[in-house]
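Notes for the one structure printed next.
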Amino acid sequence: MQLLATVAQVRERVRTWHAGGERVALVPTMGNLHEGHISLVEEARRRAQRVIVSVFVNPLQFGPSEDFAAYPRTLDDDAGLLRRAGCDVLFAPPVEEIYPDRGAQPTMVTVRGLSGILCGQFRPGHFDGVATVVAKLFNIVAPDVAIFGEKDYQQFIIIRRMTLDLQLPVEVVGAPTVRAPDGLALSSRNRYLGAAEREVAPAIHRALHAAIERLRSGDRDFAGIESAGWRALAQAGLRPDYFAIRDAADLQAPRPGSAELVVLTAARLGRSRLIDNLRLRLVG
Ligand code: PAF
């Protein structure tokens, strides 16, 4: 595995692969990798001959009171995991390489309608930062396919929409959430949880699961199901930002023709903000 830090190096590497007719997959990450990320690399390997994983803690997607400075940076450990997972290139640029104009980025990508709802209401500007850096990574790496975890479901939908709207020649693929045995979705931010909080955290998966079961049984009292989910989280000791049922295709309110629903939540626990979701395909 090669460790590359500059845009020029990564462009040259991909150019030679493409010249040899090889398909290239990108897995964008912020590092502090765990099993969930490795499952994305495995998916990338199934879909392309070459795999690039980017590790870049993107300042543009953190709010002023968020954890940019504290975000765990573990490049040596990440490199070890990626080498074993069969990654070809680890692209870990310094901030100046992605934002060369002394950090300025006057050009931003906004996916209107999607960026301001759900998590976007609680993290203003977050998804603009995500969409902008992902558009830049797509332009730098020029992958044929890019893999994103479905745990960040709103992020996945936003990136898919951005790629479509900007006509970027990249196939955007979502990969299933990897969970601990007690249901907690794996996340780099789980490492902020103390032992007692870690015991409480699986309540998120239980609440989502209960909502999905009500939907599966034919219950369409969306508001009632959402408030029951909210209450379950609050009773377990979490502070929910939202608990919402949406159409899985576009995150709008469910409509009679919706083919798939998604139940999404974000809740605070100690100093962590945890997000998760579950989907339900509607038959008939
Ligand atoms: O999901 C993440 O780790 C980040 O939001 C991403 C997609 C790498 C963009 O910085």
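Within each chain, counting starts at residue 1; across the structure tokens, chains are named A, B, ... in the order shown, with ligands numbered 1 upward in that order.
For segment 107-257 of chain A, backbone-based DSSP assignment of strand (DSSP E or B) covers Val145, Ala146, Ile147, Phe148, Gly149, Glu171, Val172, Val173, Gly174, Ala175, Arg179, Ala185, Arg239, Pro240, Asp241, Tyr242, Phe243, Ala244, Ile245, Arg246 and Asp247 of chain A.
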Give the helix (DSSP H, G or I) residues of segment 44-235 of chain A, as assigned by DSSP on the backbone, as a PyMOL selection string. chain A and resi 44-47+59-61+75-85+95-98+119-122+126-141+153-165+188-192+195-200+203-216+222-235
Resulting file, chosen residues, C-alpha atoms, as a compact mmCIF listing (two decimals), in the first residue's frame:
```txt
# COMPACT_ATOMS: atom_id res chain seq x y z
CA ALA A 44 -14.80 -1.32 -2.81
CA ARG A 45 -12.61 -4.33 -3.56
CA ARG A 46 -15.61 -6.23 -4.89
CA ARG A 47 -16.41 -3.36 -7.26
CA PRO A 59 -12.54 21.31 8.91
CA LEU A 60 -15.33 22.61 6.68
CA GLN A 61 -17.91 20.18 8.05
CA LEU A 75 -3.07 7.53 10.96
CA ASP A 76 -0.55 4.81 11.88
CA ASP A 77 -3.26 2.46 13.15
CA ASP A 78 -5.45 3.32 10.15
CA ALA A 79 -2.60 2.49 7.76
CA GLY A 80 -2.10 -0.93 9.42
CA LEU A 81 -5.79 -1.79 9.12
CA LEU A 82 -5.96 -0.63 5.51
CA ARG A 83 -2.84 -2.55 4.50
CA ARG A 84 -4.40 -5.75 5.89
CA ALA A 85 -7.71 -4.97 4.16
CA VAL A 95 -5.35 20.60 5.19
CA GLU A 96 -3.36 22.99 2.91
CA GLU A 97 -3.50 20.45 0.09
CA ILE A 98 -7.31 20.44 0.05
CA CYS A 119 -29.20 16.59 11.12
CA GLY A 120 -28.81 19.76 9.02
CA GLN A 121 -31.17 21.59 11.39
CA PHE A 122 -28.90 20.85 14.32
CA HIS A 126 -22.34 20.61 8.10
CA PHE A 127 -23.65 19.03 4.89
CA ASP A 128 -22.36 21.92 2.77
CA GLY A 129 -18.91 21.09 4.16
CA VAL A 130 -19.43 17.40 3.42
CA ALA A 131 -20.76 17.95 -0.13
CA THR A 132 -17.94 20.39 -0.91
CA VAL A 133 -15.13 18.12 0.26
CA VAL A 134 -16.64 15.06 -1.43
CA ALA A 135 -16.98 17.00 -4.73
CA LYS A 136 -13.32 17.99 -4.37
CA LEU A 137 -12.25 14.40 -3.61
CA PHE A 138 -14.20 13.15 -6.63
CA ASN A 139 -12.40 15.73 -8.80
CA ILE A 140 -8.99 14.94 -7.34
CA VAL A 141 -9.23 11.14 -7.34
CA TYR A 153 -27.92 7.90 5.63
CA GLN A 154 -28.66 11.60 5.10
CA GLN A 155 -25.05 12.14 4.01
CA PHE A 156 -25.38 9.24 1.55
CA ILE A 157 -28.60 10.67 0.03
CA ILE A 158 -27.04 14.16 -0.21
CA ILE A 159 -23.92 12.85 -1.95
CA ARG A 160 -25.98 10.77 -4.34
CA ARG A 161 -28.11 13.84 -5.20
CA MET A 162 -25.04 16.08 -5.59
CA THR A 163 -23.36 13.56 -7.90
CA LEU A 164 -26.49 13.33 -10.02
CA ASP A 165 -27.08 17.10 -10.16
CA SER A 188 -15.60 6.73 15.50
CA ARG A 189 -17.55 8.87 17.97
CA ASN A 190 -18.44 5.81 20.10
CA ARG A 191 -15.00 6.20 21.58
CA TYR A 192 -16.22 9.32 23.42
CA ALA A 195 -18.71 2.77 30.26
CA ALA A 196 -22.14 3.74 31.64
CA GLU A 197 -23.02 5.63 28.45
CA ARG A 198 -21.95 2.67 26.33
CA GLU A 199 -24.56 0.59 28.24
CA VAL A 200 -27.27 3.12 27.41
CA ALA A 203 -31.37 2.01 23.25
CA ILE A 204 -31.06 3.83 19.91
CA HIS A 205 -31.15 0.61 17.92
CA ARG A 206 -33.96 -0.78 20.10
CA ALA A 207 -36.09 2.36 19.54
CA LEU A 208 -35.51 2.25 15.78
CA HIS A 209 -36.30 -1.44 15.71
CA ALA A 210 -39.55 -0.91 17.66
CA ALA A 211 -40.59 1.80 15.15
CA ILE A 212 -39.81 -0.49 12.20
CA GLU A 213 -41.87 -3.28 13.78
CA ARG A 214 -44.89 -0.97 14.13
CA LEU A 215 -44.51 0.10 10.48
CA ARG A 216 -44.07 -3.51 9.39
CA PHE A 222 -46.23 8.22 11.81
CA ALA A 223 -46.50 11.01 14.40
CA GLY A 224 -47.39 8.49 17.13
CA ILE A 225 -44.50 6.19 16.19
CA GLU A 226 -42.07 9.15 16.12
CA SER A 227 -43.11 10.38 19.56
CA ALA A 228 -42.90 6.84 21.01
CA GLY A 229 -39.34 6.59 19.64
CA TRP A 230 -38.43 9.97 21.10
CA ARG A 231 -39.86 8.99 24.50
CA ALA A 232 -38.02 5.65 24.51
CA LEU A 233 -34.71 7.45 23.93
CA ALA A 234 -35.40 10.10 26.57
CA GLN A 235 -36.43 7.42 29.10
```
For ligand 1, collect every residue having any atom at a distance of at most 7 Å from a ligand atom (counting only C-alpha atoms and all ligand atoms); output as a PDB file with N, CA, C and O atoms, in the first residue's frame.
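Result saved to result.pdb:
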```
ATOM      1  N   PRO A  28     -14.068   7.479   0.940  1.00  0.00           N
ATOM      2  CA  PRO A  28     -13.696   8.685   1.693  1.00  0.00           C
ATOM      3  C   PRO A  28     -13.953   8.482   3.192  1.00  0.00           C
ATOM      4  O   PRO A  28     -15.031   8.020   3.573  1.00  0.00           O
ATOM      5  N   THR A  29     -12.979   8.825   4.020  1.00  0.00           N
ATOM      6  CA  THR A  29     -13.146   8.694   5.476  1.00  0.00           C
ATOM      7  C   THR A  29     -12.482   9.875   6.178  1.00  0.00           C
ATOM      8  O   THR A  29     -11.723  10.621   5.564  1.00  0.00           O
ATOM      9  N   MET A  30     -12.754   9.962   7.478  1.00  0.00           N
ATOM     10  CA  MET A  30     -12.026  10.935   8.303  1.00  0.00           C
ATOM     11  C   MET A  30     -11.066  10.191   9.231  1.00  0.00           C
ATOM     12  O   MET A  30     -10.609  10.738  10.231  1.00  0.00           O
ATOM     13  N   PHE A  56      -9.102  12.224   5.776  1.00  0.00           N
ATOM     14  CA  PHE A  56      -8.988  13.680   5.842  1.00  0.00           C
ATOM     15  C   PHE A  56     -10.048  14.196   6.804  1.00  0.00           C
ATOM     16  O   PHE A  56     -11.253  14.038   6.547  1.00  0.00           O
ATOM     17  N   VAL A  57      -9.600  14.768   7.918  1.00  0.00           N
ATOM     18  CA  VAL A  57     -10.547  15.352   8.871  1.00  0.00           C
ATOM     19  C   VAL A  57     -10.868  16.749   8.326  1.00  0.00           C
ATOM     20  O   VAL A  57     -10.029  17.652   8.378  1.00  0.00           O
ATOM     21  N   ASN A  58     -12.066  16.864   7.779  1.00  0.00           N
ATOM     22  CA  ASN A  58     -12.444  18.021   6.966  1.00  0.00           C
ATOM     23  C   ASN A  58     -12.931  19.176   7.842  1.00  0.00           C
ATOM     24  O   ASN A  58     -14.057  19.133   8.343  1.00  0.00           O
ATOM     25  N   VAL A 130     -19.578  18.780   3.902  1.00  0.00           N
ATOM     26  CA  VAL A 130     -19.427  17.396   3.416  1.00  0.00           C
ATOM     27  C   VAL A 130     -19.509  17.367   1.885  1.00  0.00           C
ATOM     28  O   VAL A 130     -18.647  16.802   1.206  1.00  0.00           O
ATOM     29  N   VAL A 133     -16.371  18.915   0.228  1.00  0.00           N
ATOM     30  CA  VAL A 133     -15.134  18.118   0.257  1.00  0.00           C
ATOM     31  C   VAL A 133     -15.271  16.859  -0.592  1.00  0.00           C
ATOM     32  O   VAL A 133     -14.316  16.431  -1.246  1.00  0.00           O
ATOM     33  N   VAL A 134     -16.466  16.278  -0.621  1.00  0.00           N
ATOM     34  CA  VAL A 134     -16.638  15.061  -1.431  1.00  0.00           C
ATOM     35  C   VAL A 134     -16.550  15.423  -2.920  1.00  0.00           C
ATOM     36  O   VAL A 134     -15.922  14.702  -3.704  1.00  0.00           O
ATOM     37  N   PHE A 148     -19.968   4.687   0.493  1.00  0.00           N
ATOM     38  CA  PHE A 148     -20.304   5.432   1.711  1.00  0.00           C
ATOM     39  C   PHE A 148     -21.129   4.542   2.639  1.00  0.00           C
ATOM     40  O   PHE A 148     -21.956   3.757   2.174  1.00  0.00           O
ATOM     41  N   ASP A 152     -24.610   6.885   7.974  1.00  0.00           N
ATOM     42  CA  ASP A 152     -24.790   8.315   7.704  1.00  0.00           C
ATOM     43  C   ASP A 152     -25.751   8.433   6.518  1.00  0.00           C
ATOM     44  O   ASP A 152     -25.362   8.829   5.420  1.00  0.00           O
TER      45      ASP A 152
END
```
If you count only C-alpha atoms, the residue of A:Arg239, A:Arg281, A:Arg246, A:Arg179 closest to Ala267 of chain A turns out to be A:Arg239
Write out as number ranges by chain the residues lying within 12 Å of Gly21 of chain A, counting only C-alpha atoms and excluding same-chain residues fewer than 3 positions away. A: 14-18, 24, 48-50, 144
Residues at most 8 Å from Leu193 of chain A, counting only C-alpha atoms, excluding those fewer than 5 positions away in the same chain, as JSON, numbers by chain? {"A": [198, 269, 270, 271, 272]}
Hey, what's within 12 Å of Leu4 of chain A if we count only C-alpha atoms and toss same-chain stuff fewer than 3 positions away? As a PyMOL selection string, please? chain A and resi 1+7-14+52-55+79+88-94+97+141
Could the residues in this selection be saved with C-alpha atoms as a compact mmCIF listing (two decimals), in the first residue's frame?
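Writing the result to part04.txt gives the following:
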```txt
# COMPACT_ATOMS: atom_id res chain seq x y z
CA MET A 1 0.00 0.00 0.00
CA VAL A 7 -3.20 15.90 -5.17
CA ALA A 8 -0.59 15.60 -7.96
CA GLN A 9 0.59 12.18 -6.68
CA VAL A 10 -2.89 10.71 -6.40
CA ARG A 11 -3.93 12.06 -9.83
CA GLU A 12 -0.85 10.50 -11.44
CA ARG A 13 -1.43 7.14 -9.73
CA VAL A 14 -5.08 6.97 -10.87
CA ILE A 52 -8.06 4.33 -2.59
CA VAL A 53 -9.04 5.28 0.94
CA SER A 54 -8.84 8.97 1.81
CA VAL A 55 -8.26 10.00 5.41
CA ALA A 79 -2.60 2.49 7.76
CA ASP A 88 -3.82 0.12 -2.68
CA VAL A 89 -3.43 3.79 -1.77
CA LEU A 90 -4.01 5.67 1.45
CA PHE A 91 -4.50 9.31 0.50
CA ALA A 92 -3.92 11.43 3.60
CA PRO A 93 -3.47 15.04 2.53
CA PRO A 94 -2.68 17.89 4.91
CA GLU A 97 -3.50 20.45 0.09
CA VAL A 141 -9.23 11.14 -7.34
```
